[in-house]
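One file, final-v5.cif, carrying mmCIF, C-alpha atoms:
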```cif
data_start
loop_
_atom_site.label_atom_id
_atom_site.label_comp_id
_atom_site.auth_asym_id
_atom_site.auth_seq_id
_atom_site.Cartn_x
_atom_site.Cartn_y
_atom_site.Cartn_z
CA MET I 1 71.61 24.41 45.31
CA PRO I 2 75.02 25.93 44.63
CA ALA I 3 76.73 25.56 41.23
CA ASP I 4 79.43 23.46 39.65
CA SER I 5 82.02 25.98 38.52
CA GLY I 6 83.22 23.92 35.56
CA THR I 7 83.13 25.63 32.20
CA GLU I 8 82.90 24.19 28.76
CA GLN I 9 83.33 25.55 25.26
CA ALA I 10 80.07 25.50 23.36
CA GLN I 11 79.97 24.32 19.81
CA HIS I 12 80.17 26.72 16.85
CA GLY I 13 82.47 29.13 18.71
CA HIS I 14 80.00 30.12 21.42
CA PRO I 15 81.73 31.65 24.48
CA LEU I 16 82.59 29.74 27.61
CA HIS I 17 79.78 29.39 30.11
CA LYS I 18 79.32 28.00 33.59
CA VAL I 19 77.57 24.69 34.13
CA LEU I 20 75.29 25.55 37.05
CA SER I 21 73.97 23.02 39.55
CA PHE I 22 70.82 25.08 40.14
CA VAL I 23 68.15 26.92 38.20
CA ARG I 24 67.63 30.46 39.47
CA ARG I 25 64.00 30.91 40.41
CA SER I 26 62.57 34.28 41.38
CA GLY I 27 60.15 33.05 44.03
CA ARG I 28 58.54 35.87 46.00
CA LEU I 29 58.78 35.85 49.77
CA ASP I 30 55.61 35.69 51.83
CA ALA I 31 55.05 38.34 54.47
CA ARG I 32 56.65 36.31 57.27
CA LEU I 33 59.84 35.62 55.33
CA GLN I 34 60.04 39.18 54.06
CA ARG I 35 59.88 40.41 57.66
CA ALA I 36 62.64 37.96 58.58
CA TRP I 37 64.80 39.29 55.74
CA ASP I 38 64.15 42.88 56.76
CA ASN I 39 64.79 42.21 60.44
CA TYR I 40 67.82 39.90 60.28
CA ALA I 41 69.70 40.33 57.00
CA ALA I 42 71.89 43.08 58.40
CA ASP I 43 73.01 40.77 61.23
CA TYR I 44 73.46 37.50 59.38
CA LEU I 45 73.68 37.97 55.59
CA LEU I 46 77.24 38.58 54.40
CA ASP I 47 77.88 41.40 51.94
CA VAL I 48 80.15 39.52 49.54
CA ASN I 49 78.23 39.63 46.26
CA ALA I 50 79.37 41.27 43.04
CA GLY I 51 76.16 43.31 42.88
CA GLU I 52 72.47 43.28 43.61
CA GLY I 53 70.94 40.08 42.28
CA SER I 54 74.33 38.55 41.50
CA LEU I 55 75.38 35.20 42.90
CA ASP I 56 79.03 35.83 42.04
CA VAL I 57 81.55 37.04 44.60
CA ARG I 58 82.73 40.62 44.30
CA GLU I 59 86.16 41.19 42.85
CA GLY I 60 88.95 41.34 45.39
CA PHE I 61 87.07 39.57 48.19
CA VAL I 62 88.98 36.90 50.14
CA LEU I 63 87.54 34.69 52.86
CA ASP I 64 90.54 34.21 55.11
CA GLY I 65 91.32 34.08 58.81
CA ASP I 66 91.27 37.85 59.15
CA TYR I 67 87.80 38.01 57.59
CA VAL I 68 86.53 35.26 59.90
CA ARG I 69 87.83 37.11 62.94
CA SER I 70 86.31 40.38 61.76
CA VAL I 71 82.86 38.86 61.12
CA TRP I 72 82.54 36.21 63.82
CA GLY I 73 84.73 38.00 66.35
CA ASN I 74 86.91 34.99 67.09
CA ALA I 75 89.22 32.41 65.54
CA ASN I 76 87.01 29.37 66.23
CA PRO I 77 86.87 26.56 63.64
CA LEU I 78 84.73 27.34 60.60
CA ILE I 79 82.24 24.86 59.10
CA VAL I 80 80.76 25.70 55.69
CA GLU I 81 77.50 24.10 54.55
CA ILE I 82 76.93 24.11 50.79
CA GLY I 83 73.21 24.27 50.10
CA SER I 84 71.67 24.91 53.51
CA GLY I 85 68.09 24.75 52.22
CA GLN I 86 65.66 25.95 54.88
CA GLY I 87 68.47 26.16 57.42
CA GLU I 88 67.19 23.43 59.74
CA ASN I 89 70.47 21.56 59.92
CA VAL I 90 72.95 24.43 60.09
CA VAL I 91 70.90 26.29 62.72
CA ALA I 92 70.64 23.17 64.90
CA ALA I 93 74.38 22.60 64.53
CA ALA I 94 75.15 26.20 65.45
CA GLN I 95 72.95 25.92 68.53
CA ALA I 96 74.64 22.70 69.61
CA ASN I 97 78.19 23.98 68.97
CA PRO I 98 78.52 27.57 70.21
CA ASP I 99 82.33 27.38 70.00
CA VAL I 100 82.24 26.68 66.25
CA ASN I 101 81.59 29.21 63.49
CA PHE I 102 79.12 28.26 60.75
CA LEU I 103 78.63 29.65 57.25
CA ALA I 104 75.49 28.63 55.34
CA LEU I 105 75.59 28.91 51.54
CA GLU I 106 72.23 29.03 49.78
CA VAL I 107 71.07 30.58 46.50
CA TYR I 108 67.26 30.55 46.84
CA ASP I 109 65.58 33.55 48.48
CA PRO I 110 63.04 31.56 50.57
CA GLY I 111 65.77 29.28 51.94
CA VAL I 112 67.98 32.24 52.81
CA ALA I 113 65.08 34.04 54.47
CA HIS I 114 64.05 31.00 56.50
CA THR I 115 67.62 30.51 57.69
CA LEU I 116 67.75 34.17 58.72
CA LEU I 117 64.46 33.70 60.57
CA LEU I 118 65.69 30.67 62.52
CA ALA I 119 69.04 32.28 63.31
CA GLY I 120 67.41 35.49 64.48
CA LYS I 121 64.74 33.82 66.60
CA ASN I 122 67.45 31.80 68.35
CA GLY I 123 69.82 34.74 68.71
CA LEU I 124 72.74 32.85 67.17
CA GLY I 125 76.03 34.70 67.13
CA ASN I 126 78.08 31.97 65.46
CA LEU I 127 76.14 31.66 62.18
CA ARG I 128 76.32 33.70 58.99
CA VAL I 129 74.66 33.24 55.58
CA ALA I 130 75.99 33.96 52.08
CA GLN I 131 73.73 33.95 49.02
CA VAL I 132 76.39 33.01 46.49
CA ASN I 133 77.34 30.35 43.97
CA ALA I 134 79.37 28.05 46.24
CA PRO I 135 82.21 27.15 43.84
CA GLU I 136 82.79 30.85 43.20
CA LEU I 137 83.18 31.44 46.94
CA PHE I 138 85.52 28.49 47.38
CA LYS I 139 87.78 29.95 44.72
CA VAL I 140 88.40 32.95 46.98
CA MET I 141 88.70 31.05 50.26
CA ALA I 142 92.17 31.05 51.76
CA ASP I 143 94.10 27.81 52.14
CA GLY I 144 93.13 25.94 55.29
CA VAL I 145 90.45 28.41 56.44
CA ALA I 146 87.70 25.77 56.95
CA ALA I 147 87.61 22.90 59.42
CA GLU I 148 84.80 21.04 57.62
CA VAL I 149 82.57 21.36 54.56
CA TRP I 150 79.07 19.86 54.48
CA THR I 151 76.97 19.05 51.41
CA PHE I 152 73.76 17.29 52.46
CA PHE I 153 71.16 16.14 49.93
CA PRO I 154 72.26 18.19 46.93
CA ASP I 155 70.03 18.47 43.89
CA PRO I 156 70.32 15.00 42.26
CA TRP I 157 69.76 16.16 38.66
CA PRO I 158 68.31 12.72 37.84
CA LYS I 159 68.35 12.96 34.03
CA LYS I 160 71.58 11.51 32.65
CA LYS I 161 72.12 14.52 30.38
CA HIS I 162 72.12 16.71 33.49
CA HIS I 163 74.61 14.71 35.57
CA LYS I 164 77.29 17.29 34.73
CA ARG I 165 75.28 19.77 36.80
CA ARG I 166 75.75 17.84 40.02
CA ILE I 167 77.60 19.89 42.62
CA VAL I 168 80.15 17.19 43.52
CA GLN I 169 82.70 17.53 40.75
CA LEU I 170 86.48 17.27 40.41
CA GLU I 171 87.03 21.01 40.23
CA LEU I 172 85.04 21.73 43.37
CA ALA I 173 86.77 18.85 45.16
CA GLY I 174 90.09 20.55 44.46
CA GLN I 175 88.86 23.87 45.79
CA VAL I 176 87.33 22.28 48.89
CA ARG I 177 90.54 20.41 49.63
CA ARG I 178 92.59 23.59 49.37
CA ALA I 179 90.18 25.46 51.67
CA LEU I 180 90.22 22.73 54.32
CA ALA I 181 92.69 22.73 57.18
CA ASP I 182 94.95 19.68 57.47
CA GLY I 183 92.83 16.72 58.48
CA GLY I 184 89.62 18.55 57.62
CA VAL I 185 86.68 16.64 56.15
CA TRP I 186 84.06 17.01 53.45
CA ARG I 187 80.83 15.38 54.63
CA ILE I 188 78.30 14.48 51.94
CA ALA I 189 74.90 12.81 52.15
CA THR I 190 72.35 11.80 49.53
CA ASP I 191 69.22 9.67 49.37
CA ILE I 192 69.66 9.01 45.64
CA GLU I 193 71.49 5.78 44.81
CA ASP I 194 72.80 7.03 41.48
CA TYR I 195 74.17 10.17 43.12
CA ALA I 196 75.98 7.94 45.62
CA LEU I 197 77.68 6.19 42.70
CA HIS I 198 78.56 9.60 41.26
CA VAL I 199 80.19 10.66 44.55
CA HIS I 200 82.29 7.49 44.63
CA GLU I 201 83.40 8.01 41.04
CA VAL I 202 84.51 11.57 41.73
CA MET I 203 86.03 11.15 45.19
CA ASP I 204 87.28 7.59 45.74
CA GLY I 205 90.97 7.36 44.99
CA LEU I 206 91.22 11.08 44.25
CA ASP I 207 94.69 12.35 45.06
CA GLY I 208 94.82 14.15 48.39
CA TRP I 209 91.63 12.58 49.78
CA GLU I 210 90.97 9.61 52.04
CA ASN I 211 87.60 7.87 52.25
CA ALA I 212 87.24 7.74 56.04
CA GLY I 213 84.12 5.60 56.05
CA GLY I 214 83.76 2.19 57.64
CA VAL I 215 80.51 0.86 56.18
CA THR I 216 80.30 -1.40 53.12
CA VAL I 217 77.40 -0.83 50.74
CA SER I 218 76.44 -2.41 47.43
CA LEU I 219 75.68 -0.15 44.49
CA PRO I 220 75.02 -0.69 40.77
CA VAL I 221 78.12 0.10 38.75
CA GLU I 222 76.23 1.66 35.85
CA HIS I 223 74.46 5.00 35.91
CA VAL I 224 70.73 5.34 35.48
CA GLY I 225 68.68 8.36 34.62
CA LYS I 226 65.19 9.48 35.45
CA GLY I 227 63.67 7.27 32.78
CA ASN I 228 65.42 3.98 33.60
CA ALA I 229 66.06 4.13 37.37
CA ASP I 230 63.92 1.02 37.85
CA MET I 231 66.59 -0.99 36.00
CA ALA I 232 69.24 -0.38 38.68
CA ALA I 233 68.36 -3.44 40.76
CA ASP I 234 69.13 -5.76 37.85
CA MET I 235 72.46 -4.16 36.98
CA PRO I 236 75.85 -5.54 38.12
CA HIS I 237 76.72 -4.36 41.63
CA ALA I 238 79.96 -3.75 43.53
CA ASP I 239 80.90 -2.93 47.12
CA PHE I 240 81.78 0.62 48.14
CA THR I 241 82.87 2.21 51.40
CA GLU I 242 80.62 4.78 53.03
CA SER I 243 80.07 6.17 56.53
CA GLU I 244 77.66 5.72 59.39
CA ARG I 245 75.02 8.44 59.58
CA PHE I 246 76.70 11.65 60.67
CA ALA I 247 75.55 12.31 64.23
CA GLY I 248 75.85 16.05 63.69
CA ARG I 249 73.15 16.08 61.01
CA VAL I 250 69.63 16.57 62.33
CA LEU I 251 66.73 14.74 60.76
CA THR I 252 65.27 17.46 58.55
CA ASN I 253 61.87 17.40 56.89
CA PHE I 254 63.60 16.75 53.57
CA GLU I 255 65.37 13.66 54.90
CA LYS I 256 62.15 12.43 56.52
CA LYS I 257 60.42 12.56 53.14
CA GLY I 258 63.19 10.50 51.57
CA LEU I 259 62.97 7.86 54.28
CA ALA I 260 59.18 7.79 54.00
CA ALA I 261 59.58 7.13 50.27
CA GLY I 262 61.76 4.11 51.07
CA ARG I 263 65.07 5.62 49.97
CA VAL I 264 68.37 4.68 51.61
CA ILE I 265 70.53 7.47 53.01
CA HIS I 266 74.17 7.39 51.89
CA ASP I 267 76.69 9.22 54.08
CA PHE I 268 80.28 9.99 53.05
CA THR I 269 83.28 11.30 54.96
CA TYR I 270 86.27 12.33 52.87
CA ARG I 271 89.31 13.50 54.82
CA LYS I 272 92.01 15.78 53.49
CA ALA I 273 95.03 13.50 53.36
#
```
Would you mind giving the structure from this file in structure tokens?
Amino acid sequence: MPADSGTEQAQHGHPLHKVLSFVRRSGRLDARLQRAWDNYAADYLLDVNAGEGSLDVREGFVLDGDYVRSVWGNANPLIVEIGSGQGENVVAAAQANPDVNFLALEVYDPGVAHTLLLAGKNGLGNLRVAQVNAPELFKVMADGVAAEVWTFFPDPWPKKKHHKRRIVQLELAGQVRRALADGGVWRIATDIEDYALHVHEVMDGLDGWENAGGVTVSLPVEHVGKGNADMAADMPHADFTESERFAGRVLTNFEKKGLAAGRVIHDFTYRKA
């Protein structure tokens, strides 16, 4: 999953470092995914990285309207999905909305390769993929270039000491808002109750954002970690506003597993005010 771009000064004078929302794994591609990469990367994978193996954006790159027109060949609305996983959702959305441009952001090689495979097999002309740290890309996105941003089922980082690694953070919210066109929305979904509370704490009441949901849910008002999640039911609760399930999100295998495990899906729609 893409990274939180926040930095913090380490103790004892250590240099500033990024707090990443993912752990870079060097998983090898199987033969099928390697063929997909070889066959489709030139068509779908954007060349925006600082160098081979880097997840940073190269110096001087700007994702603006001119770049969109040069890559997608039109000025259609752009939807950016942060953390596209295996590509199931973004590919289905691109198929269903040929007059919308889609950009899938994913850091893991197998996920990128599988997205390339699905896009290539379906001959999609309105989808591109970038293997970059999402907050770094949002920093170089022009004001108002995106119609919507999607972040579905981000890594929950369940341990309390790792909550700072969660992708939904104040700094990214500011960058997303700047990149959105007027009235644009950031759609978020999670099947982790504590992450839902985290989203509310970051986004509700944040200047320049409107919670556009219409569903009332009850959540514990204290955070739990991996070791004490079973205590949440006995904690004080409060009502929060969320959204109906986003009709444009397909039921992926990941979401099916969450439902099978008895987890509740939390959907959010935050509109640029």
| request: For the structure shown, which residues end up in the PyMOL selection byres ((chain I and resi 85) around 9)? Put them as JSON, numbers by chain, please? | output: {"I": [1, 82, 83, 84, 86, 87, 88, 89, 104, 105, 106, 107, 108, 110, 111, 112, 114, 115]}
Listing only residues of stretch 95-199 of chain I within 12 Å of stretch 254-265 of chain I, what is the closest atom pair and its distance in Å (to one decimal) for each, using only C-alpha atoms, sorted by chain and residue number ascending, as CSV?
```
residue,atom,partner,partner_atom,distance
I:Phe152,CA,I:Glu255,CA,9.5
I:Phe153,CA,I:Glu255,CA,8.0
I:Pro154,CA,I:Phe254,CA,11.0
I:Asp155,CA,I:Phe254,CA,11.7
I:Ile188,CA,I:Ile265,CA,10.5
I:Ala189,CA,I:Ile265,CA,7.0
I:Thr190,CA,I:Ile265,CA,5.8
I:Asp191,CA,I:Ile265,CA,4.5
I:Ile192,CA,I:Arg263,CA,7.2
I:Glu193,CA,I:Val264,CA,7.6
I:Asp194,CA,I:Val264,CA,11.3
I:Tyr195,CA,I:Ile265,CA,10.9
I:Ala196,CA,I:Ile265,CA,9.2
```
| field | Ground truth for the PyMOL selection byres ((chain I and resi 205-214) around 7), written as a ChimeraX atom specification | value | /I:203-204,215-216,241-243,268-273
Please write the residues from the selection above to a file, keeping C-alpha atoms, as an mmCIF file, in the coordinates of the input.
```cif
data_model
loop_
_atom_site.group_PDB
_atom_site.id
_atom_site.type_symbol
_atom_site.label_atom_id
_atom_site.label_comp_id
_atom_site.auth_asym_id
_atom_site.auth_seq_id
_atom_site.Cartn_x
_atom_site.Cartn_y
_atom_site.Cartn_z
ATOM 1 C CA MET I 203 86.030 11.150 45.190
ATOM 2 C CA ASP I 204 87.280 7.590 45.740
ATOM 3 C CA VAL I 215 80.510 0.860 56.180
ATOM 4 C CA THR I 216 80.300 -1.400 53.120
ATOM 5 C CA THR I 241 82.870 2.210 51.400
ATOM 6 C CA GLU I 242 80.620 4.780 53.030
ATOM 7 C CA SER I 243 80.070 6.170 56.530
ATOM 8 C CA PHE I 268 80.280 9.990 53.050
ATOM 9 C CA THR I 269 83.280 11.300 54.960
ATOM 10 C CA TYR I 270 86.270 12.330 52.870
ATOM 11 C CA ARG I 271 89.310 13.500 54.820
ATOM 12 C CA LYS I 272 92.010 15.780 53.490
ATOM 13 C CA ALA I 273 95.030 13.500 53.360
#
```
| task | Apply the PyMOL selection byres ((chain I and resi 247-250) around 7) to the structure shown and report the selected residues as a VMD selection string. | result | chain I and resid 89 93 245 to 246 251 to 252
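For the pair atom CA of I:Val140 and atom CA of I:Leu63, the separation is 6.2 Å.
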| query | Which residues, written as a list in words, have at least one atom at most 10 Å from I:Asp47, with only C-alpha atoms counted and residues fewer than 5 positions away on the same chain left out? | reply |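 Listing them by chain and then by number gives Ala41, Ala42, Val57, Arg58, Val129, Ala130 and Gln131 of chain I.
Using all atoms listed in the file, the protein and nucleic acid residues lying at most 12 Å from the point (69.6, 32.4, 67.2) are Tyr40, Asp43, Tyr44, Gly87, Glu88, Val90, Val91, Ala92, Ala93, Ala94, Gln95, Ala96, Pro98, Thr115, Leu116, Leu117, Leu118, Ala119, Gly120, Lys121, Asn122, Gly123, Leu124, Gly125, Asn126, Leu127 and Arg128 of chain I.
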| message | If I take atom CA of I:Asp267 and atom CA of I:Trp186, how far is one from the other in Å, to one decimal? | response |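 Taking atom CA of I:Asp267 and atom CA of I:Trp186, their separation equals 10.7 Å.
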| task | Identify, on the basis of all atoms listed in the file, every residue whose closest approach to stretch 68-79 of chain I does not exceed 8 Å; exclude the query and any residue fewer than 2 positions from it along the same chain; express the result as an MDAnalysis selection string. | result | chainID I and resid 63:66 81 99:103 125:126 145:150
Write to file, as a PDB file, in the coordinates of the input, the residues of the selection just made, with C-alpha atoms.
```pdb
ATOM      1  CA  LEU I  63      87.540  34.690  52.860  1.00  0.00           C
ATOM      2  CA  ASP I  64      90.540  34.210  55.110  1.00  0.00           C
ATOM      3  CA  GLY I  65      91.320  34.080  58.810  1.00  0.00           C
ATOM      4  CA  ASP I  66      91.270  37.850  59.150  1.00  0.00           C
ATOM      5  CA  GLU I  81      77.500  24.100  54.550  1.00  0.00           C
ATOM      6  CA  ASP I  99      82.330  27.380  70.000  1.00  0.00           C
ATOM      7  CA  VAL I 100      82.240  26.680  66.250  1.00  0.00           C
ATOM      8  CA  ASN I 101      81.590  29.210  63.490  1.00  0.00           C
ATOM      9  CA  PHE I 102      79.120  28.260  60.750  1.00  0.00           C
ATOM     10  CA  LEU I 103      78.630  29.650  57.250  1.00  0.00           C
ATOM     11  CA  GLY I 125      76.030  34.700  67.130  1.00  0.00           C
ATOM     12  CA  ASN I 126      78.080  31.970  65.460  1.00  0.00           C
ATOM     13  CA  VAL I 145      90.450  28.410  56.440  1.00  0.00           C
ATOM     14  CA  ALA I 146      87.700  25.770  56.950  1.00  0.00           C
ATOM     15  CA  ALA I 147      87.610  22.900  59.420  1.00  0.00           C
ATOM     16  CA  GLU I 148      84.800  21.040  57.620  1.00  0.00           C
ATOM     17  CA  VAL I 149      82.570  21.360  54.560  1.00  0.00           C
ATOM     18  CA  TRP I 150      79.070  19.860  54.480  1.00  0.00           C
TER      19      TRP I 150
END
```
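Atom CA of I:Val168 is positioned 24.9 Å from atom CA of I:Leu45.
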| request: Write out as a list in words the residues lying within 9 Å of I:Asp239, counting only C-alpha atoms and excluding same-chain residues fewer than 4 positions away. | output: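 These residues fall inside the cut-off: Thr216, Val217, Ser218, Leu219 and Pro220 of chain I.
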Okay, now the selection with C-alpha atoms, as a compact mmCIF listing (two decimals), in the coordinates of the input?
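Saved the output as result20.txt:
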```txt
# COMPACT_ATOMS: atom_id res chain seq x y z
CA THR I 216 80.30 -1.40 53.12
CA VAL I 217 77.40 -0.83 50.74
CA SER I 218 76.44 -2.41 47.43
CA LEU I 219 75.68 -0.15 44.49
CA PRO I 220 75.02 -0.69 40.77
```
Return as lines of an AutoDock Vina configuration file the box centre and box size in Å, one decimal, for an axis-aligned box around all listed atoms of stretch 65-73 of chain I padded by 5 Å per side.
```
center_x = 86.9
center_y = 37.2
center_z = 62.0
size_x = 18.8
size_y = 16.3
size_z = 18.8
```
| request: Within 9 Å of I:Leu29, counting only C-alpha atoms, which residues show up once you throw out same-chain ones fewer than 2 positions away? Write them as a PyMOL selection string, please. | output: chain I and resi 27+31-34+109-110+113
| Using only C-alpha atoms, which residues sit within 8 Å of I:Glu222 once same-chain residues fewer than 5 positions away are excluded, as an NGL selection string? | :I and (232 or 235-236)
| query | Pick the closest to I:Ile167 from I:Gly183, I:Pro135, I:Gly60, I:Gly51: which is it, counting all atoms listed in the file? | reply |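 The answer is I:Pro135, which sits nearest to I:Ile167.
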Could you get me a file of stretch 67-143 of chain I with C-alpha atoms, as a PDB file, in the first residue's frame, taken from the block above?
```
ATOM      1  CA  TYR I  67       0.260  15.233 -19.129  1.00  0.00           C
ATOM      2  CA  VAL I  68      -3.180  13.604 -18.916  1.00  0.00           C
ATOM      3  CA  ARG I  69      -3.966  14.629 -22.483  1.00  0.00           C
ATOM      4  CA  SER I  70      -0.605  13.378 -23.722  1.00  0.00           C
ATOM      5  CA  VAL I  71      -0.945   9.962 -22.032  1.00  0.00           C
ATOM      6  CA  TRP I  72      -4.672   9.242 -22.234  1.00  0.00           C
ATOM      7  CA  GLY I  73      -5.247  11.207 -25.421  1.00  0.00           C
ATOM      8  CA  ASN I  74      -8.193  13.178 -24.072  1.00  0.00           C
ATOM      9  CA  ALA I  75      -9.314  15.542 -21.332  1.00  0.00           C
ATOM     10  CA  ASN I  76     -11.791  13.165 -19.680  1.00  0.00           C
ATOM     11  CA  PRO I  77     -12.146  13.203 -15.871  1.00  0.00           C
ATOM     12  CA  LEU I  78      -9.330  11.441 -14.020  1.00  0.00           C
ATOM     13  CA  ILE I  79      -9.912   9.047 -11.108  1.00  0.00           C
ATOM     14  CA  VAL I  80      -6.876   7.979  -9.066  1.00  0.00           C
ATOM     15  CA  GLU I  81      -6.969   4.816  -6.963  1.00  0.00           C
ATOM     16  CA  ILE I  82      -4.411   4.660  -4.158  1.00  0.00           C
ATOM     17  CA  GLY I  83      -3.454   1.051  -3.546  1.00  0.00           C
ATOM     18  CA  SER I  84      -5.082  -0.828  -6.401  1.00  0.00           C
ATOM     19  CA  GLY I  85      -3.983  -4.247  -5.140  1.00  0.00           C
ATOM     20  CA  GLN I  86      -4.607  -6.913  -7.770  1.00  0.00           C
ATOM     21  CA  GLY I  87      -6.428  -4.392  -9.957  1.00  0.00           C
ATOM     22  CA  GLU I  88      -9.859  -6.026  -9.760  1.00  0.00           C
ATOM     23  CA  ASN I  89     -11.700  -2.856  -8.831  1.00  0.00           C
ATOM     24  CA  VAL I  90      -9.943  -0.309 -11.023  1.00  0.00           C
ATOM     25  CA  VAL I  91     -10.104  -2.566 -14.097  1.00  0.00           C
ATOM     26  CA  ALA I  92     -13.830  -3.186 -13.606  1.00  0.00           C
ATOM     27  CA  ALA I  93     -14.391   0.555 -13.160  1.00  0.00           C
ATOM     28  CA  ALA I  94     -12.410   1.348 -16.301  1.00  0.00           C
ATOM     29  CA  GLN I  95     -14.442  -1.191 -18.265  1.00  0.00           C
ATOM     30  CA  ALA I  96     -17.722   0.252 -16.996  1.00  0.00           C
ATOM     31  CA  ASN I  97     -16.705   3.897 -17.583  1.00  0.00           C
ATOM     32  CA  PRO I  98     -14.909   4.224 -20.931  1.00  0.00           C
ATOM     33  CA  ASP I  99     -15.297   8.025 -20.861  1.00  0.00           C
ATOM     34  CA  VAL I 100     -13.313   8.320 -17.610  1.00  0.00           C
ATOM     35  CA  ASN I 101      -9.539   8.079 -17.231  1.00  0.00           C
ATOM     36  CA  PHE I 102      -8.171   5.893 -14.431  1.00  0.00           C
ATOM     37  CA  LEU I 103      -4.771   5.848 -12.750  1.00  0.00           C
ATOM     38  CA  ALA I 104      -3.936   2.904 -10.473  1.00  0.00           C
ATOM     39  CA  LEU I 105      -1.213   3.432  -7.859  1.00  0.00           C
ATOM     40  CA  GLU I 106       0.390   0.292  -6.443  1.00  0.00           C
ATOM     41  CA  VAL I 107       3.833  -0.441  -4.990  1.00  0.00           C
ATOM     42  CA  TYR I 108       3.972  -4.256  -5.005  1.00  0.00           C
ATOM     43  CA  ASP I 109       5.278  -5.999  -8.130  1.00  0.00           C
ATOM     44  CA  PRO I 110       2.679  -8.823  -8.204  1.00  0.00           C
ATOM     45  CA  GLY I 111      -0.198  -6.348  -7.838  1.00  0.00           C
ATOM     46  CA  VAL I 112       1.187  -4.139 -10.597  1.00  0.00           C
ATOM     47  CA  ALA I 113       1.720  -7.138 -12.865  1.00  0.00           C
ATOM     48  CA  HIS I 114      -1.780  -8.502 -12.266  1.00  0.00           C
ATOM     49  CA  THR I 115      -3.295  -5.101 -13.021  1.00  0.00           C
ATOM     50  CA  LEU I 116      -1.282  -4.949 -16.244  1.00  0.00           C
ATOM     51  CA  LEU I 117      -2.524  -8.440 -17.116  1.00  0.00           C
ATOM     52  CA  LEU I 118      -6.194  -7.551 -16.592  1.00  0.00           C
ATOM     53  CA  ALA I 119      -5.864  -4.253 -18.448  1.00  0.00           C
ATOM     54  CA  GLY I 120      -4.095  -5.883 -21.373  1.00  0.00           C
ATOM     55  CA  LYS I 121      -6.473  -8.826 -21.666  1.00  0.00           C
ATOM     56  CA  ASN I 122      -9.404  -6.408 -21.766  1.00  0.00           C
ATOM     57  CA  GLY I 123      -7.710  -3.984 -24.136  1.00  0.00           C
ATOM     58  CA  LEU I 124      -8.382  -0.986 -21.893  1.00  0.00           C
ATOM     59  CA  GLY I 125      -7.326   2.355 -23.294  1.00  0.00           C
ATOM     60  CA  ASN I 126      -8.445   4.474 -20.340  1.00  0.00           C
ATOM     61  CA  LEU I 127      -6.298   2.902 -17.600  1.00  0.00           C
ATOM     62  CA  ARG I 128      -2.686   3.513 -16.617  1.00  0.00           C
ATOM     63  CA  VAL I 129      -0.599   2.226 -13.697  1.00  0.00           C
ATOM     64  CA  ALA I 130       2.126   3.958 -11.670  1.00  0.00           C
ATOM     65  CA  GLN I 131       4.381   2.056  -9.266  1.00  0.00           C
ATOM     66  CA  VAL I 132       5.095   4.939  -6.919  1.00  0.00           C
ATOM     67  CA  ASN I 133       4.703   6.058  -3.327  1.00  0.00           C
ATOM     68  CA  ALA I 134       1.285   7.742  -3.576  1.00  0.00           C
ATOM     69  CA  PRO I 135       1.923  10.795  -1.356  1.00  0.00           C
ATOM     70  CA  GLU I 136       5.031  11.577  -3.404  1.00  0.00           C
ATOM     71  CA  LEU I 137       2.941  11.571  -6.587  1.00  0.00           C
ATOM     72  CA  PHE I 138       0.222  13.733  -5.065  1.00  0.00           C
ATOM     73  CA  LYS I 139       2.842  16.333  -4.211  1.00  0.00           C
ATOM     74  CA  VAL I 140       3.498  16.813  -7.930  1.00  0.00           C
ATOM     75  CA  MET I 141      -0.116  16.670  -9.090  1.00  0.00           C
ATOM     76  CA  ALA I 142      -1.466  19.955 -10.402  1.00  0.00           C
ATOM     77  CA  ASP I 143      -4.316  21.702  -8.612  1.00  0.00           C
TER      78      ASP I 143
END
```
